[in-house]
Amino acid sequence: MKRSWNTLSQMSNGTYAVQDFERAAYRLATEQVLYATDPRSRVAYHLVEDHYPDFVATLEPLGIRLERNAHYRYVVALPAHGEGAPVTLDETLALLVLRQRYDEAMRQGLIEDHGEVVVELPDLQESWQALTGRAMPDVGALRALARTLKRWGVCRLIDSEGDDPQPFHLRVRPAIVEIVGEQWLQRLDQHNRDEAGDTGAEDDDAAA
């Protein structure tokens, strides 16, 4: 049975206040991933890690399940059902392409510290075209996509040094393994079905 935040606060002998537990639960629900290596989320991560069963019991009635990775030290909140916030086609494609690059780096043993994988823009462009049959978005659109993916805890954009011809590169984060699963493939399939339907409608209009 879940213990109340007030009980856990009292058990911590003043180390944590009730608000600390409330904020950590809210951050899991809204930010999805807490990494121990991130200064901004380090305290919340350790709070959740130390009281993991209580946070699991708190979020379960909301349709949110928790997964934790002790090796790379992060906790991720996942919807128990397939429904989620609306996601654009470019966001879906970006997630799937980055997941492919992450899996490939794992096979080649190219995982860096904290489980991250560096993806250079030329490699991203090649993979994007090969996997989606579409041209990769331009640099400005990629920056916007990276900001969205950062909020989901799966990617960070790192600006390049002055002598680097590419403006930035991406660092794919390990929680992408949990976040980009079967439901994302289903979303991509639905996008493809919708687009095929739109094309068919246009063909019918043209024929008429």
# chains A, B, ... in the order shown; residues from 1 in each chain; ligands from 1
call {"tool": "select_by_dssp", "arguments": {"residues": "stretch 53-176 of chain A", "states": "helix (DSSP H, G or I)", "output": "ChimeraX atom specification"}}
result
/A:53-62,89-108,113-115,121-132,139-151,176
call {"tool": "residues_around", "arguments": {"residues": "A:Pro79", "least_positions_apart": "6", "cutoff": "10 Å", "atoms": "only C-alpha atoms", "output": "compact mmCIF listing (two decimals) with all heavy atoms, in the first residue's frame"}}
result
# COMPACT_ATOMS: atom_id res chain seq x y z
N ALA A 29 5.34 12.81 -14.28
CA ALA A 29 4.15 12.79 -15.12
C ALA A 29 4.28 13.74 -16.30
O ALA A 29 3.72 13.49 -17.37
CB ALA A 29 2.92 13.15 -14.30
N GLN A 32 8.56 13.02 -18.02
CA GLN A 32 8.69 11.61 -18.43
C GLN A 32 9.98 10.95 -17.97
O GLN A 32 9.95 9.78 -17.62
CB GLN A 32 8.54 11.48 -19.95
CG GLN A 32 8.27 10.06 -20.40
CD GLN A 32 7.64 10.00 -21.78
OE1 GLN A 32 7.66 10.95 -22.55
NE2 GLN A 32 7.09 8.84 -22.10
N LEU A 59 1.43 6.74 -9.13
CA LEU A 59 1.19 7.03 -10.54
C LEU A 59 0.35 5.97 -11.25
O LEU A 59 -0.24 6.24 -12.30
CB LEU A 59 2.52 7.21 -11.26
CG LEU A 59 3.33 8.43 -10.81
CD1 LEU A 59 4.69 8.45 -11.50
CD2 LEU A 59 2.59 9.72 -11.10
N GLU A 60 0.28 4.78 -10.68
CA GLU A 60 -0.47 3.70 -11.34
C GLU A 60 -1.94 4.05 -11.57
O GLU A 60 -2.47 3.78 -12.66
CB GLU A 60 -0.34 2.41 -10.52
CG GLU A 60 -0.99 1.21 -11.19
CD GLU A 60 -0.78 -0.06 -10.38
OE1 GLU A 60 -0.42 0.04 -9.18
OE2 GLU A 60 -0.97 -1.16 -10.94
N LEU A 62 -3.17 6.74 -12.32
CA LEU A 62 -3.23 7.72 -13.40
C LEU A 62 -2.93 7.10 -14.76
O LEU A 62 -2.88 7.80 -15.78
CB LEU A 62 -2.22 8.85 -13.14
CG LEU A 62 -2.37 9.61 -11.82
CD1 LEU A 62 -1.28 10.66 -11.68
CD2 LEU A 62 -3.75 10.26 -11.72
N GLY A 63 -2.74 5.79 -14.79
CA GLY A 63 -2.41 5.12 -16.04
C GLY A 63 -0.97 5.32 -16.44
O GLY A 63 -0.63 5.30 -17.63
N ILE A 64 -0.09 5.50 -15.47
CA ILE A 64 1.33 5.72 -15.73
C ILE A 64 2.13 4.63 -15.01
O ILE A 64 1.96 4.42 -13.81
CB ILE A 64 1.79 7.10 -15.23
CG1 ILE A 64 1.05 8.21 -15.97
CG2 ILE A 64 3.31 7.26 -15.41
CD1 ILE A 64 1.34 9.60 -15.43
N ARG A 65 2.98 3.94 -15.75
CA ARG A 65 3.85 2.95 -15.12
C ARG A 65 5.29 3.45 -15.15
O ARG A 65 5.69 4.20 -16.05
CB ARG A 65 3.75 1.60 -15.83
CG ARG A 65 4.18 1.59 -17.27
CD ARG A 65 3.97 0.21 -17.91
NE ARG A 65 4.30 0.21 -19.32
CZ ARG A 65 5.52 -0.01 -19.79
NH1 ARG A 65 6.52 -0.27 -18.95
NH2 ARG A 65 5.76 0.01 -21.10
N LEU A 66 6.06 3.05 -14.16
CA LEU A 66 7.45 3.48 -14.05
C LEU A 66 8.39 2.35 -14.45
O LEU A 66 8.13 1.18 -14.17
CB LEU A 66 7.77 3.92 -12.62
CG LEU A 66 7.05 5.15 -12.07
CD1 LEU A 66 7.63 5.54 -10.72
CD2 LEU A 66 7.12 6.32 -13.03
N ILE A 179 10.98 4.61 -24.35
CA ILE A 179 9.95 5.53 -24.84
C ILE A 179 9.52 5.21 -26.26
O ILE A 179 8.33 5.25 -26.59
CB ILE A 179 10.45 6.98 -24.73
CG1 ILE A 179 10.59 7.36 -23.25
CG2 ILE A 179 9.51 7.95 -25.44
CD1 ILE A 179 11.21 8.72 -23.02
call {"tool": "residues_around", "arguments": {"residues": "stretch 99-105 of chain A", "least_positions_apart": "3", "cutoff": "12 Å", "atoms": "only C-alpha atoms", "output": "PyMOL selection string"}}
result
chain A and resi 92-96+108-112+115-121+123-128+130-132+149+154-155+170-182+184-185
call {"tool": "atom_distance", "arguments": {"atom1": "atom CA of A:Ser12", "atom2": "atom CA of A:Arg42"}}
result
17.6 Å
call {"tool": "closest_residue", "arguments": {"among": "A:Arg27, A:Arg40, A:Arg134, A:Lys2", "to": "A:Val75", "atoms": "only C-alpha atoms"}}
result
A:Arg27
call {"tool": "residues_around", "arguments": {"residues": "A:Phe168", "least_positions_apart": "2", "cutoff": "6 Å", "atoms": "only C-alpha atoms", "output": "PyMOL selection string"}}
result
chain A and resi 158-160+166
call {"tool": "residues_around", "arguments": {"residues": "A:Thr58", "least_positions_apart": "6", "cutoff": "12 Å", "atoms": "only C-alpha atoms", "output": "list in words"}}
result
Met1, Lys2, Arg3, Ser4, Trp5, Phe21, Glu22, Ala24, Ala25, Tyr26, Leu28, Ala29, Val48, His51, Tyr52, Ile64, Arg65, Leu66 and Ala77 of chain A
call {"tool": "closest_residue", "arguments": {"among": "A:Asp138, A:Leu145, A:Lys150, A:Pro86", "to": "A:Pro167", "atoms": "only C-alpha atoms"}}
result
A:Asp138
call {"tool": "atom_distance", "arguments": {"atom1": "atom CA of A:Val56", "atom2": "atom CA of A:Asp20"}}
result
16.0 Å
call {"tool": "closest_residue", "arguments": {"among": "A:Arg107, A:Thr88, A:Phe55, A:His114", "to": "A:Ala70", "atoms": "only C-alpha atoms"}}
result
A:His114
call {"tool": "closest_residue", "arguments": {"among": "A:Val87, A:Leu98, A:Val139, A:Ala36", "to": "A:Asn69", "atoms": "only C-alpha atoms"}}
result
A:Ala36
call {"tool": "closest_residue", "arguments": {"among": "A:Ala80, A:Leu47, A:Glu161, A:Val33", "to": "A:Pro61", "atoms": "only C-alpha atoms"}}
result
A:Ala80
call {"tool": "atom_distance", "arguments": {"atom1": "atom CA of A:Gln10", "atom2": "atom CA of A:Ser41"}}
result
22.6 Å
